[in-house]
Amino acid sequence: MIKNPSIQFLGAAREVGRSGFLIDAGDKLLLDYGVKFGQNNQIVEPLRPKTNLDAIILSHAHLDHSGNIPKLFTDSNSLTYLTPPTLELSNLLWEDSLKIAGHNGVHAGFSRDELHRIHRYSFPVGYKRKLHITQDATLEFLDAGHILGSAMPKLTFGKNKTLLYTGDFNPMETRLHNGADLKAGKIDSLIIESTYGNRNHPPRKELEKVFAEGVQDIIDRDGWALIPCFAIGRGQEVIDILRSYNVEGDIFYDGMGQKAAHIMLNHPDYLRDSKHLKKSLKSAFFVRSIRDRKKALKKPCIIVSSAGMMQGGPILFYTRKLRLDSNSKMFFTGYQADGTIGKKLLDTKKFVEEKTQLDVGFEVEKYDFSAHAQKDGMLKAIDKWNPEKIFLVHGDEEIMFFFKDCIKEMGFKNVEMPKQGQTMKLF
Ligand SMILES: [Zn+2]
Ligand SMILES: [Zn+2]
């Protein structure tokens with residue numbers, strides 16, 4: 001290890017999205033390399049690493065962590081470490097990015113060639129295995145509890161200097177996942193997300209119950225329950241919740257989540273209760289054609305479909321068709337970013353597509369399901385890890401300032417809020 005290893009923040013610095021952190025400990029290691037979606041779904045990239053990479057380490061499949069990796073392979077190849085489910089899920093999302101770019105008549109910045117090359121240079125590794133990735137650095141993945149295969153990479157440099165990167169993590173148990181594995185041993189430096197550094201979530205079990213009852217009410221009054229969901233995790237979780245609470249009504253499952261569901265069931269070891277999930281998913285009708293889609297509109301039912309923020313996907317088709325049905329209701333189940341169709345619908349009850357703006361007759365409500373740690377959970381984790389130095393990333397600036405104060409009140413002195421492009425001492 002060189003004398004003063006450093007870290008450069010290429011993205012996710014005082015913002016959510018485009019995570020990318022370049023570590024120089026002699027060897028050059030890149031932690032995550034994602035994209036951010038700006039106005040009109042435009043892709044915003046992190047800074048480019050100005051060096052050859054010895055390794056890429058990917059925490060999980062979400063595009064804000066994985067989305068820009070294929071571009072790194074246009075002019076070089078790097079060994080990429082990730083869990084087996086992360087490889088499959090990332091590939092699903094990368095393929096989808098290519099499809100969307102093609103559909104919009106733009107170039108994605110990479111092609112299938114790059115995806116093939118990533119596969120060749122990928123090194124899938126499970127949780128809790130220590131791996132020498134360079135002469136000087138050891139990598140271990142700990143379960144992050146966020147989505148299928150999500151990991152918190154722990155790096156040990158030289159004999160005993162340690163860095164833990166949380167990626168996106170959730171210490172709390174959900175239907176699909178055990179909480180994050182916080183038993184990380186001695187941690188010198190910590191890079192921690194701060195998405196919800198200013199607040200706690202409603203208790204999960206109560207929220208699930210209220211949600212299931214709400215869906216049942218809509219079916220009972222002969223309406224459609226429209227549930228826009230993220231393709232990875234939330235859709236499958238929602239179906240599992242509805243079946244656990246014995247909600248009566250057919251469930252139609254549409255969009256990319258179906259493929260993610262198959263990947264999930266292929267990795268039962270990465271799920272909390274794969275048997276239960278399998279049973280729940282089996283009870284849902286997987287929509288495969290326009291005909292199936294029309295079938296869903298014949299009689300009131302539950303429709304679970306991507307995209308979660310309504311930026312595309314079959315949910316738009318159902319919304320157009322059921323727009324004026326006052327017996328129906330849309331249940332948002334995740335974060336709605338500013339400028340998205342979902343956010344506009346939630347705030348104004350207007351369905352805005354390109355230049356058209358239509359009134360909506362159905363009810364709209366948001367349920368605060370989250371796959372991220374809440375404030376108290378993060379503070380508890382920090383207390384347990386007891387790091388010397390803390391870097392806050394992946395959060396809105398205002399929230400970070402608040403979160404930083406909370407951490408300092410606990411007695412931690414060395415808390416940084418790096419800016420984009422800034423390089424700091426790692427230890
Ligand atoms: Zn994530
Ligand atoms: Zn993220």
# chains A, B, ... in the order shown; residues from 1 in each chain; ligands from 1
$ residues_around --residues "Asn68 in chain A" --least-positions-apart "3" --cutoff "12 Å" --atoms "only C-alpha atoms" --output "JSON, numbers by chain"
{"A": [10, 11, 17, 18, 19, 20, 30, 31, 32, 33, 34, 35, 36, 37, 43, 44, 45, 46, 47, 48, 49, 56, 58, 61, 62, 63, 64, 65, 71, 72, 73, 74, 90, 93, 94, 97, 108, 109, 110, 114, 115, 118]}
$ residues_around --residues "Leu53 in chain A" --least-positions-apart "5" --cutoff "10 Å" --atoms "only C-alpha atoms" --output "list in words"
Leu22, Ile23, Asp24, Asp27, Lys28, Leu29, Leu30, Leu72, Ser76, Asn77, Ser78 and Leu79 of chain A
$ write_last_selection --atoms "all heavy atoms" --output "PDB file, in the first residue's frame"
ATOM      1  N   LEU A  22     -13.273   6.588  -6.835  1.00  0.00           N
ATOM      2  CA  LEU A  22     -12.011   6.029  -7.311  1.00  0.00           C
ATOM      3  C   LEU A  22     -10.997   6.012  -6.174  1.00  0.00           C
ATOM      4  O   LEU A  22     -10.655   7.056  -5.614  1.00  0.00           O
ATOM      5  CB  LEU A  22     -11.486   6.885  -8.466  1.00  0.00           C
ATOM      6  CG  LEU A  22     -10.151   6.452  -9.051  1.00  0.00           C
ATOM      7  CD1 LEU A  22     -10.270   5.085  -9.722  1.00  0.00           C
ATOM      8  CD2 LEU A  22      -9.649   7.488 -10.055  1.00  0.00           C
ATOM      9  N   ILE A  23     -10.541   4.820  -5.847  1.00  0.00           N
ATOM     10  CA  ILE A  23      -9.566   4.683  -4.766  1.00  0.00           C
ATOM     11  C   ILE A  23      -8.185   4.483  -5.371  1.00  0.00           C
ATOM     12  O   ILE A  23      -8.013   3.657  -6.275  1.00  0.00           O
ATOM     13  CB  ILE A  23      -9.943   3.494  -3.866  1.00  0.00           C
ATOM     14  CG1 ILE A  23     -11.198   3.878  -3.087  1.00  0.00           C
ATOM     15  CG2 ILE A  23      -8.811   3.152  -2.906  1.00  0.00           C
ATOM     16  CD1 ILE A  23     -11.880   2.732  -2.468  1.00  0.00           C
ATOM     17  N   ASP A  24      -7.232   5.249  -4.872  1.00  0.00           N
ATOM     18  CA  ASP A  24      -5.844   5.077  -5.295  1.00  0.00           C
ATOM     19  C   ASP A  24      -5.037   4.658  -4.078  1.00  0.00           C
ATOM     20  O   ASP A  24      -4.717   5.472  -3.210  1.00  0.00           O
ATOM     21  CB  ASP A  24      -5.312   6.397  -5.878  1.00  0.00           C
ATOM     22  CG  ASP A  24      -3.876   6.234  -6.377  1.00  0.00           C
ATOM     23  OD1 ASP A  24      -3.297   5.140  -6.194  1.00  0.00           O
ATOM     24  OD2 ASP A  24      -3.347   7.209  -6.942  1.00  0.00           O
ATOM     25  N   ASP A  27      -2.689   0.511  -6.266  1.00  0.00           N
ATOM     26  CA  ASP A  27      -3.646  -0.022  -7.235  1.00  0.00           C
ATOM     27  C   ASP A  27      -4.839   0.920  -7.301  1.00  0.00           C
ATOM     28  O   ASP A  27      -5.194   1.561  -6.317  1.00  0.00           O
ATOM     29  CB  ASP A  27      -4.118  -1.415  -6.789  1.00  0.00           C
ATOM     30  CG  ASP A  27      -2.960  -2.398  -6.739  1.00  0.00           C
ATOM     31  OD1 ASP A  27      -2.197  -2.452  -7.715  1.00  0.00           O
ATOM     32  OD2 ASP A  27      -2.816  -3.080  -5.704  1.00  0.00           O
ATOM     33  N   LYS A  28      -5.460   0.951  -8.492  1.00  0.00           N
ATOM     34  CA  LYS A  28      -6.604   1.852  -8.671  1.00  0.00           C
ATOM     35  C   LYS A  28      -7.895   1.022  -8.696  1.00  0.00           C
ATOM     36  O   LYS A  28      -8.080   0.172  -9.566  1.00  0.00           O
ATOM     37  CB  LYS A  28      -6.496   2.621  -9.991  1.00  0.00           C
ATOM     38  CG  LYS A  28      -5.108   3.182 -10.288  1.00  0.00           C
ATOM     39  CD  LYS A  28      -4.859   4.478  -9.542  1.00  0.00           C
ATOM     40  CE  LYS A  28      -3.636   5.209 -10.042  1.00  0.00           C
ATOM     41  NZ  LYS A  28      -2.351   4.518  -9.749  1.00  0.00           N
ATOM     42  N   LEU A  29      -8.759   1.305  -7.730  1.00  0.00           N
ATOM     43  CA  LEU A  29     -10.012   0.542  -7.611  1.00  0.00           C
ATOM     44  C   LEU A  29     -11.201   1.480  -7.763  1.00  0.00           C
ATOM     45  O   LEU A  29     -11.245   2.536  -7.125  1.00  0.00           O
ATOM     46  CB  LEU A  29     -10.085  -0.134  -6.241  1.00  0.00           C
ATOM     47  CG  LEU A  29      -8.852  -0.936  -5.790  1.00  0.00           C
ATOM     48  CD1 LEU A  29      -9.022  -1.408  -4.355  1.00  0.00           C
ATOM     49  CD2 LEU A  29      -8.635  -2.138  -6.706  1.00  0.00           C
ATOM     50  N   LEU A  30     -12.155   1.069  -8.569  1.00  0.00           N
ATOM     51  CA  LEU A  30     -13.350   1.891  -8.755  1.00  0.00           C
ATOM     52  C   LEU A  30     -14.538   1.235  -8.057  1.00  0.00           C
ATOM     53  O   LEU A  30     -14.864   0.075  -8.321  1.00  0.00           O
ATOM     54  CB  LEU A  30     -13.657   2.046 -10.252  1.00  0.00           C
ATOM     55  CG  LEU A  30     -14.861   2.918 -10.611  1.00  0.00           C
ATOM     56  CD1 LEU A  30     -14.641   4.373 -10.206  1.00  0.00           C
ATOM     57  CD2 LEU A  30     -15.162   2.832 -12.112  1.00  0.00           C
ATOM     58  N   LEU A  72     -17.146   2.142 -19.679  1.00  0.00           N
ATOM     59  CA  LEU A  72     -15.727   1.966 -19.359  1.00  0.00           C
ATOM     60  C   LEU A  72     -15.101   0.880 -20.233  1.00  0.00           C
ATOM     61  O   LEU A  72     -13.895   0.843 -20.422  1.00  0.00           O
ATOM     62  CB  LEU A  72     -15.551   1.585 -17.886  1.00  0.00           C
ATOM     63  CG  LEU A  72     -15.936   2.631 -16.853  1.00  0.00           C
ATOM     64  CD1 LEU A  72     -15.889   2.032 -15.458  1.00  0.00           C
ATOM     65  CD2 LEU A  72     -15.007   3.838 -16.940  1.00  0.00           C
ATOM     66  N   SER A  76     -11.326  -0.101 -22.769  1.00  0.00           N
ATOM     67  CA  SER A  76     -10.436  -0.965 -21.974  1.00  0.00           C
ATOM     68  C   SER A  76     -11.268  -2.017 -21.240  1.00  0.00           C
ATOM     69  O   SER A  76     -12.493  -1.942 -21.200  1.00  0.00           O
ATOM     70  CB  SER A  76      -9.662  -0.124 -20.958  1.00  0.00           C
ATOM     71  OG  SER A  76     -10.556   0.432 -20.039  1.00  0.00           O
ATOM     72  N   ASN A  77     -10.581  -2.977 -20.663  1.00  0.00           N
ATOM     73  CA  ASN A  77     -11.259  -4.012 -19.891  1.00  0.00           C
ATOM     74  C   ASN A  77     -10.735  -4.010 -18.463  1.00  0.00           C
ATOM     75  O   ASN A  77      -9.540  -3.843 -18.259  1.00  0.00           O
ATOM     76  CB  ASN A  77     -10.975  -5.391 -20.484  1.00  0.00           C
ATOM     77  CG  ASN A  77     -11.401  -5.464 -21.935  1.00  0.00           C
ATOM     78  OD1 ASN A  77     -12.489  -5.040 -22.289  1.00  0.00           O
ATOM     79  ND2 ASN A  77     -10.527  -5.994 -22.783  1.00  0.00           N
ATOM     80  N   SER A  78     -11.634  -4.182 -17.493  1.00  0.00           N
ATOM     81  CA  SER A  78     -11.180  -4.270 -16.102  1.00  0.00           C
ATOM     82  C   SER A  78     -11.888  -5.435 -15.436  1.00  0.00           C
ATOM     83  O   SER A  78     -13.068  -5.663 -15.698  1.00  0.00           O
ATOM     84  CB  SER A  78     -11.548  -3.008 -15.325  1.00  0.00           C
ATOM     85  OG  SER A  78     -11.106  -1.866 -16.001  1.00  0.00           O
ATOM     86  N   LEU A  79     -11.176  -6.100 -14.576  1.00  0.00           N
ATOM     87  CA  LEU A  79     -11.817  -7.152 -13.798  1.00  0.00           C
ATOM     88  C   LEU A  79     -12.911  -6.509 -12.947  1.00  0.00           C
ATOM     89  O   LEU A  79     -12.687  -5.476 -12.323  1.00  0.00           O
ATOM     90  CB  LEU A  79     -10.803  -7.821 -12.887  1.00  0.00           C
ATOM     91  CG  LEU A  79     -10.002  -8.962 -13.503  1.00  0.00           C
ATOM     92  CD1 LEU A  79      -9.000  -9.482 -12.489  1.00  0.00           C
ATOM     93  CD2 LEU A  79     -10.923 -10.093 -13.957  1.00  0.00           C
TER      94      LEU A  79
END
$ residues_near_ligand --ligand "ligand 1" --cutoff "7 Å" --atoms "only C-alpha atoms and all ligand atoms" --output "list in words"
His60, His62, His146 and Asp168 of chain A
$ select_by_dssp --residues "range 66-275 of chain A" --states "alpha helix (DSSP H)" --output "JSON, numbers by chain"
{"A": [66, 69, 70, 71, 72, 84, 85, 86, 87, 88, 89, 90, 91, 92, 93, 94, 95, 96, 97, 98, 99, 100, 101, 102, 103, 104, 112, 113, 114, 115, 116, 117, 118, 119, 120, 121, 204, 205, 206, 207, 208, 209, 210, 211, 212, 213, 214, 215, 216, 217, 218, 219, 220, 234, 235, 236, 237, 238, 239, 240, 241, 242, 243, 244, 257, 258, 259, 260, 261, 262, 263, 264, 265, 274, 275]}
$ residues_around --residues "Pro418 in chain A" --least-positions-apart "2" --cutoff "12 Å" --atoms "only C-alpha atoms" --output "compact mmCIF listing (two decimals) with all heavy atoms, in the first residue's frame"
# COMPACT_ATOMS: atom_id res chain seq x y z
N ILE A 7 -9.03 8.93 -2.13
CA ILE A 7 -10.31 8.60 -2.76
C ILE A 7 -10.81 9.84 -3.49
O ILE A 7 -10.78 10.96 -2.95
CB ILE A 7 -11.34 8.08 -1.73
CG1 ILE A 7 -12.69 7.82 -2.40
CG2 ILE A 7 -11.51 9.03 -0.55
CD1 ILE A 7 -13.65 7.02 -1.56
N GLN A 8 -11.23 9.63 -4.73
CA GLN A 8 -11.81 10.74 -5.49
C GLN A 8 -13.29 10.46 -5.72
O GLN A 8 -13.68 9.34 -6.07
CB GLN A 8 -11.09 10.90 -6.83
CG GLN A 8 -11.53 12.20 -7.53
CD GLN A 8 -11.04 12.33 -8.95
OE1 GLN A 8 -10.54 11.38 -9.54
NE2 GLN A 8 -11.20 13.52 -9.51
N PHE A 9 -14.10 11.50 -5.52
CA PHE A 9 -15.55 11.34 -5.63
C PHE A 9 -16.00 11.77 -7.02
O PHE A 9 -16.05 12.94 -7.34
CB PHE A 9 -16.23 12.13 -4.51
CG PHE A 9 -15.85 11.60 -3.16
CD1 PHE A 9 -14.67 12.01 -2.55
CD2 PHE A 9 -16.62 10.62 -2.55
CE1 PHE A 9 -14.28 11.47 -1.33
CE2 PHE A 9 -16.23 10.08 -1.34
CZ PHE A 9 -15.06 10.51 -0.73
N LEU A 10 -16.30 10.78 -7.85
CA LEU A 10 -16.63 11.04 -9.26
C LEU A 10 -18.11 11.39 -9.42
O LEU A 10 -18.52 11.98 -10.41
CB LEU A 10 -16.29 9.83 -10.12
CG LEU A 10 -14.85 9.30 -10.01
CD1 LEU A 10 -14.68 8.03 -10.83
CD2 LEU A 10 -13.85 10.36 -10.47
N GLY A 11 -18.91 11.01 -8.43
CA GLY A 11 -20.35 11.28 -8.48
C GLY A 11 -20.98 10.94 -7.14
O GLY A 11 -20.27 10.58 -6.20
N ALA A 12 -22.32 11.07 -7.06
CA ALA A 12 -23.06 10.86 -5.80
C ALA A 12 -22.50 11.74 -4.68
O ALA A 12 -22.54 11.38 -3.51
CB ALA A 12 -23.08 9.39 -5.37
N ALA A 13 -21.92 12.87 -5.09
CA ALA A 13 -21.36 13.80 -4.13
C ALA A 13 -22.38 14.92 -3.92
O ALA A 13 -22.65 15.69 -4.84
CB ALA A 13 -20.04 14.37 -4.65
N ARG A 14 -22.97 14.95 -2.75
CA ARG A 14 -24.05 15.90 -2.43
C ARG A 14 -25.21 15.78 -3.41
O ARG A 14 -25.84 16.77 -3.78
CB ARG A 14 -23.52 17.33 -2.39
CG ARG A 14 -22.36 17.47 -1.41
CD ARG A 14 -21.97 18.90 -1.18
NE ARG A 14 -20.82 18.96 -0.29
CZ ARG A 14 -20.52 20.00 0.47
NH1 ARG A 14 -21.28 21.07 0.44
NH2 ARG A 14 -19.46 19.97 1.24
N GLU A 15 -25.47 14.58 -3.86
CA GLU A 15 -26.60 14.31 -4.75
C GLU A 15 -26.91 12.82 -4.70
O GLU A 15 -26.07 12.02 -4.28
CB GLU A 15 -26.26 14.71 -6.20
CG GLU A 15 -25.14 13.88 -6.78
CD GLU A 15 -24.81 14.18 -8.24
OE1 GLU A 15 -25.64 14.78 -8.93
OE2 GLU A 15 -23.71 13.81 -8.66
N PHE A 21 -16.66 6.08 -7.10
CA PHE A 21 -15.59 6.49 -6.18
C PHE A 21 -14.30 5.79 -6.59
O PHE A 21 -14.27 4.57 -6.68
CB PHE A 21 -15.97 6.14 -4.74
CG PHE A 21 -17.39 6.51 -4.42
CD1 PHE A 21 -18.37 5.52 -4.28
CD2 PHE A 21 -17.78 7.84 -4.33
CE1 PHE A 21 -19.69 5.86 -4.03
CE2 PHE A 21 -19.11 8.18 -4.08
CZ PHE A 21 -20.06 7.19 -3.93
N ILE A 191 -17.71 4.79 3.90
CA ILE A 191 -18.45 5.59 2.92
C ILE A 191 -19.90 5.16 3.08
O ILE A 191 -20.23 3.99 2.87
CB ILE A 191 -18.00 5.30 1.47
CG1 ILE A 191 -16.49 5.42 1.33
CG2 ILE A 191 -18.70 6.24 0.50
CD1 ILE A 191 -15.97 4.92 -0.02
N ILE A 192 -20.76 6.09 3.45
CA ILE A 192 -22.15 5.69 3.76
C ILE A 192 -23.15 6.52 2.95
O ILE A 192 -22.98 7.73 2.78
CB ILE A 192 -22.43 5.80 5.29
CG1 ILE A 192 -23.84 5.29 5.62
CG2 ILE A 192 -22.21 7.20 5.82
CD1 ILE A 192 -24.11 5.11 7.11
N ILE A 390 -15.55 9.29 8.25
CA ILE A 390 -16.82 8.98 7.58
C ILE A 390 -17.00 9.91 6.38
O ILE A 390 -16.86 11.13 6.50
CB ILE A 390 -18.01 9.17 8.56
CG1 ILE A 390 -17.85 8.24 9.77
CG2 ILE A 390 -19.34 8.88 7.85
CD1 ILE A 390 -18.85 8.49 10.89
N PHE A 391 -17.30 9.33 5.24
CA PHE A 391 -17.63 10.11 4.04
C PHE A 391 -19.12 9.94 3.75
O PHE A 391 -19.59 8.81 3.57
CB PHE A 391 -16.84 9.60 2.82
CG PHE A 391 -15.35 9.65 2.98
CD1 PHE A 391 -14.64 8.50 3.30
CD2 PHE A 391 -14.65 10.84 2.82
CE1 PHE A 391 -13.25 8.53 3.44
CE2 PHE A 391 -13.27 10.89 2.95
CZ PHE A 391 -12.57 9.73 3.27
N LEU A 392 -19.86 11.05 3.67
CA LEU A 392 -21.28 10.97 3.33
C LEU A 392 -21.45 11.11 1.82
O LEU A 392 -20.94 12.05 1.21
CB LEU A 392 -22.07 12.08 4.02
CG LEU A 392 -21.97 12.14 5.54
CD1 LEU A 392 -22.93 13.22 6.08
CD2 LEU A 392 -22.31 10.80 6.17
N VAL A 393 -22.18 10.18 1.22
CA VAL A 393 -22.45 10.24 -0.21
C VAL A 393 -23.93 9.92 -0.45
O VAL A 393 -24.67 9.61 0.49
CB VAL A 393 -21.58 9.20 -0.99
CG1 VAL A 393 -20.10 9.52 -0.84
CG2 VAL A 393 -21.87 7.77 -0.54
N HIS A 394 -24.38 9.99 -1.71
CA HIS A 394 -25.70 9.49 -2.10
C HIS A 394 -26.81 10.12 -1.26
O HIS A 394 -27.57 9.40 -0.60
CB HIS A 394 -25.71 7.96 -1.99
CG HIS A 394 -26.81 7.24 -2.73
ND1 HIS A 394 -28.13 7.32 -2.38
CD2 HIS A 394 -26.78 6.42 -3.80
CE1 HIS A 394 -28.86 6.57 -3.20
NE2 HIS A 394 -28.07 6.01 -4.07
N GLY A 395 -26.87 11.46 -1.27
CA GLY A 395 -27.93 12.13 -0.52
C GLY A 395 -28.05 13.57 -0.99
O GLY A 395 -27.09 14.14 -1.53
N GLU A 397 -28.02 17.50 -0.56
CA GLU A 397 -27.09 18.27 0.25
C GLU A 397 -27.70 18.68 1.61
O GLU A 397 -27.08 18.51 2.65
CB GLU A 397 -26.64 19.51 -0.53
CG GLU A 397 -25.46 20.20 0.09
CD GLU A 397 -24.90 21.30 -0.81
OE1 GLU A 397 -25.70 21.93 -1.54
OE2 GLU A 397 -23.68 21.51 -0.78
N MET A 400 -27.90 15.88 3.93
CA MET A 400 -26.55 15.53 4.40
C MET A 400 -26.09 16.42 5.56
O MET A 400 -25.50 15.92 6.51
CB MET A 400 -25.56 15.67 3.27
CG MET A 400 -25.48 14.45 2.40
SD MET A 400 -24.11 14.68 1.25
CE MET A 400 -24.23 13.15 0.33
N PHE A 401 -26.37 17.72 5.45
CA PHE A 401 -25.96 18.62 6.53
C PHE A 401 -26.61 18.21 7.85
O PHE A 401 -25.98 18.16 8.90
CB PHE A 401 -26.33 20.08 6.18
CG PHE A 401 -25.30 20.77 5.35
CD1 PHE A 401 -25.60 21.22 4.06
CD2 PHE A 401 -24.01 20.98 5.85
CE1 PHE A 401 -24.63 21.86 3.30
CE2 PHE A 401 -23.04 21.62 5.08
CZ PHE A 401 -23.36 22.06 3.79
N LYS A 404 -25.11 14.87 9.02
CA LYS A 404 -23.75 15.09 9.53
C LYS A 404 -23.80 15.57 10.98
O LYS A 404 -23.04 15.10 11.83
CB LYS A 404 -23.05 16.12 8.64
CG LYS A 404 -21.61 16.41 9.02
CD LYS A 404 -21.00 17.39 8.04
CE LYS A 404 -19.64 17.85 8.54
NZ LYS A 404 -18.99 18.79 7.62
N VAL A 415 -16.17 13.78 9.90
CA VAL A 415 -17.27 13.48 8.97
C VAL A 415 -17.18 14.40 7.76
O VAL A 415 -17.25 15.63 7.91
CB VAL A 415 -18.65 13.67 9.64
CG1 VAL A 415 -19.77 13.15 8.73
CG2 VAL A 415 -18.71 12.96 10.98
N GLU A 416 -17.01 13.83 6.59
CA GLU A 416 -16.80 14.63 5.37
C GLU A 416 -18.03 14.60 4.46
O GLU A 416 -18.75 13.60 4.40
CB GLU A 416 -15.61 14.08 4.57
CG GLU A 416 -14.30 14.03 5.34
CD GLU A 416 -13.65 15.39 5.47
OE1 GLU A 416 -14.21 16.39 4.95
OE2 GLU A 416 -12.58 15.48 6.12
N GLN A 420 -18.22 16.93 -5.81
CA GLN A 420 -17.87 16.17 -7.00
C GLN A 420 -16.47 16.56 -7.50
O GLN A 420 -16.15 17.74 -7.60
CB GLN A 420 -18.88 16.38 -8.13
CG GLN A 420 -18.70 15.30 -9.19
CD GLN A 420 -19.57 15.52 -10.40
OE1 GLN A 420 -19.92 16.64 -10.74
NE2 GLN A 420 -19.91 14.43 -11.08
N GLY A 421 -15.66 15.56 -7.77
CA GLY A 421 -14.31 15.79 -8.29
C GLY A 421 -13.26 15.90 -7.20
O GLY A 421 -12.07 15.79 -7.47
N GLN A 422 -13.71 16.08 -5.96
CA GLN A 422 -12.77 16.26 -4.85
C GLN A 422 -12.01 14.97 -4.53
O GLN A 422 -12.56 13.88 -4.62
CB GLN A 422 -13.56 16.71 -3.61
CG GLN A 422 -12.75 17.50 -2.63
CD GLN A 422 -13.62 18.09 -1.53
OE1 GLN A 422 -14.86 18.02 -1.54
NE2 GLN A 422 -12.97 18.68 -0.55
N THR A 423 -10.73 15.14 -4.19
CA THR A 423 -9.92 13.99 -3.77
C THR A 423 -9.57 14.19 -2.31
O THR A 423 -9.19 15.28 -1.89
CB THR A 423 -8.63 13.91 -4.61
OG1 THR A 423 -9.01 13.78 -5.98
CG2 THR A 423 -7.79 12.69 -4.23
N MET A 424 -9.71 13.12 -1.52
CA MET A 424 -9.41 13.22 -0.09
C MET A 424 -8.55 12.05 0.35
O MET A 424 -8.50 11.03 -0.32
CB MET A 424 -10.71 13.19 0.71
CG MET A 424 -11.57 14.41 0.53
SD MET A 424 -13.08 14.27 1.50
CE MET A 424 -13.62 15.96 1.47
N LYS A 425 -7.93 12.22 1.49
CA LYS A 425 -7.18 11.10 2.07
C LYS A 425 -8.17 10.03 2.51
O LYS A 425 -9.17 10.34 3.16
CB LYS A 425 -6.40 11.57 3.30
CG LYS A 425 -5.06 12.18 2.96
CD LYS A 425 -4.29 12.38 4.24
CE LYS A 425 -3.04 13.20 3.98
NZ LYS A 425 -2.47 13.70 5.23
N LEU A 426 -7.88 8.77 2.17
CA LEU A 426 -8.83 7.71 2.49
C LEU A 426 -8.85 7.41 3.98
O LEU A 426 -9.89 7.11 4.56
CB LEU A 426 -8.45 6.45 1.69
CG LEU A 426 -9.39 5.26 1.79
CD1 LEU A 426 -10.81 5.63 1.40
CD2 LEU A 426 -8.90 4.12 0.89
$ atom_distance --atom1 "CA of Asn386 in chain A" --atom2 "CA of Asp181 in chain A"
15.2 Å
$ residues_around --residues "Asn160 in chain A" --least-positions-apart "5" --cutoff "12 Å" --atoms "only C-alpha atoms" --output "PyMOL selection string"
chain A and resi 1+136-138+154-155+185-189+427
$ closest_residue --among "A:Met330, A:Lys344, A:Gly197, A:Arg320" --to "Ile303 in chain A" --atoms "only C-alpha atoms"
A:Met330
$ residues_around --residues "range 277-289 of chain A" --least-positions-apart "6" --cutoff "6 Å" --atoms "only C-alpha atoms" --output "PDB file with C-alpha atoms, in the first residue's frame"
ATOM      1  CA  ASP A 240     -45.851 -11.233  -1.771  1.00  0.00           C
ATOM      2  CA  ARG A 243     -50.840 -12.741  -0.965  1.00  0.00           C
ATOM      3  CA  ILE A 251     -53.031 -10.060  -9.871  1.00  0.00           C
ATOM      4  CA  PHE A 252     -51.712  -9.196 -13.339  1.00  0.00           C
ATOM      5  CA  TYR A 253     -47.938  -8.715 -13.361  1.00  0.00           C
ATOM      6  CA  ASP A 254     -46.588  -6.740 -16.298  1.00  0.00           C
TER       7      ASP A 254
END
$ closest_residue --among "A:Thr134, A:Ser305, A:Asn104, A:Val360" --to "Asn41 in chain A" --atoms "only C-alpha atoms"
A:Asn104
$ closest_residue --among "A:Ala231, A:Leu297, A:Gly361, A:Leu164" --to "Met310 in chain A" --atoms "only C-alpha atoms"
A:Ala231
$ residues_around --residues "Phe412 in chain A" --least-positions-apart "4" --cutoff "10 Å" --atoms "only C-alpha atoms" --output "list in words"
Ile382, Asp383, Asn386, Pro387, Glu388, Lys389, Ile390, Lys404, Asp405, Cys406, Ile407 and Lys408 of chain A
$ closest_residue --among "A:Lys366, A:Lys343, A:His372, A:Lys384" --to "ligand 2" --atoms "only C-alpha atoms and all ligand atoms"
A:His372
$ residues_around --residues "Gly126 in chain A" --least-positions-apart "2" --cutoff "12 Å" --atoms "only C-alpha atoms" --output "list in words"
Ser59, Tyr81, Leu82, Thr83, Pro84, Pro85, Thr86, Leu87, Phe123, Pro124, Lys128, Arg129, Lys130, Leu131, Leu139, Glu140, Phe141, Leu142, Asp143, Leu148, Gly149, Ser150, Ala151, Met152, Pro153, His267, Asp269 and Tyr270 of chain A
$ atom_distance --atom1 "CA of Lys375 in chain A" --atom2 "CA of Asn200 in chain A"
5.5 Å
$ closest_residue --among "A:Asp222, A:Glu354, A:Asp113, A:Glu206" --to "Asp75 in chain A" --atoms "only C-alpha atoms"
A:Asp113
$ closest_residue --among "A:Leu207, A:Ser370, A:Asn4, A:Lys161" --to "ligand 2" --atoms "only C-alpha atoms and all ligand atoms"
A:Ser370
$ atom_distance --atom1 "CA of Glu353 in chain A" --atom2 "CA of Leu322 in chain A"
15.1 Å
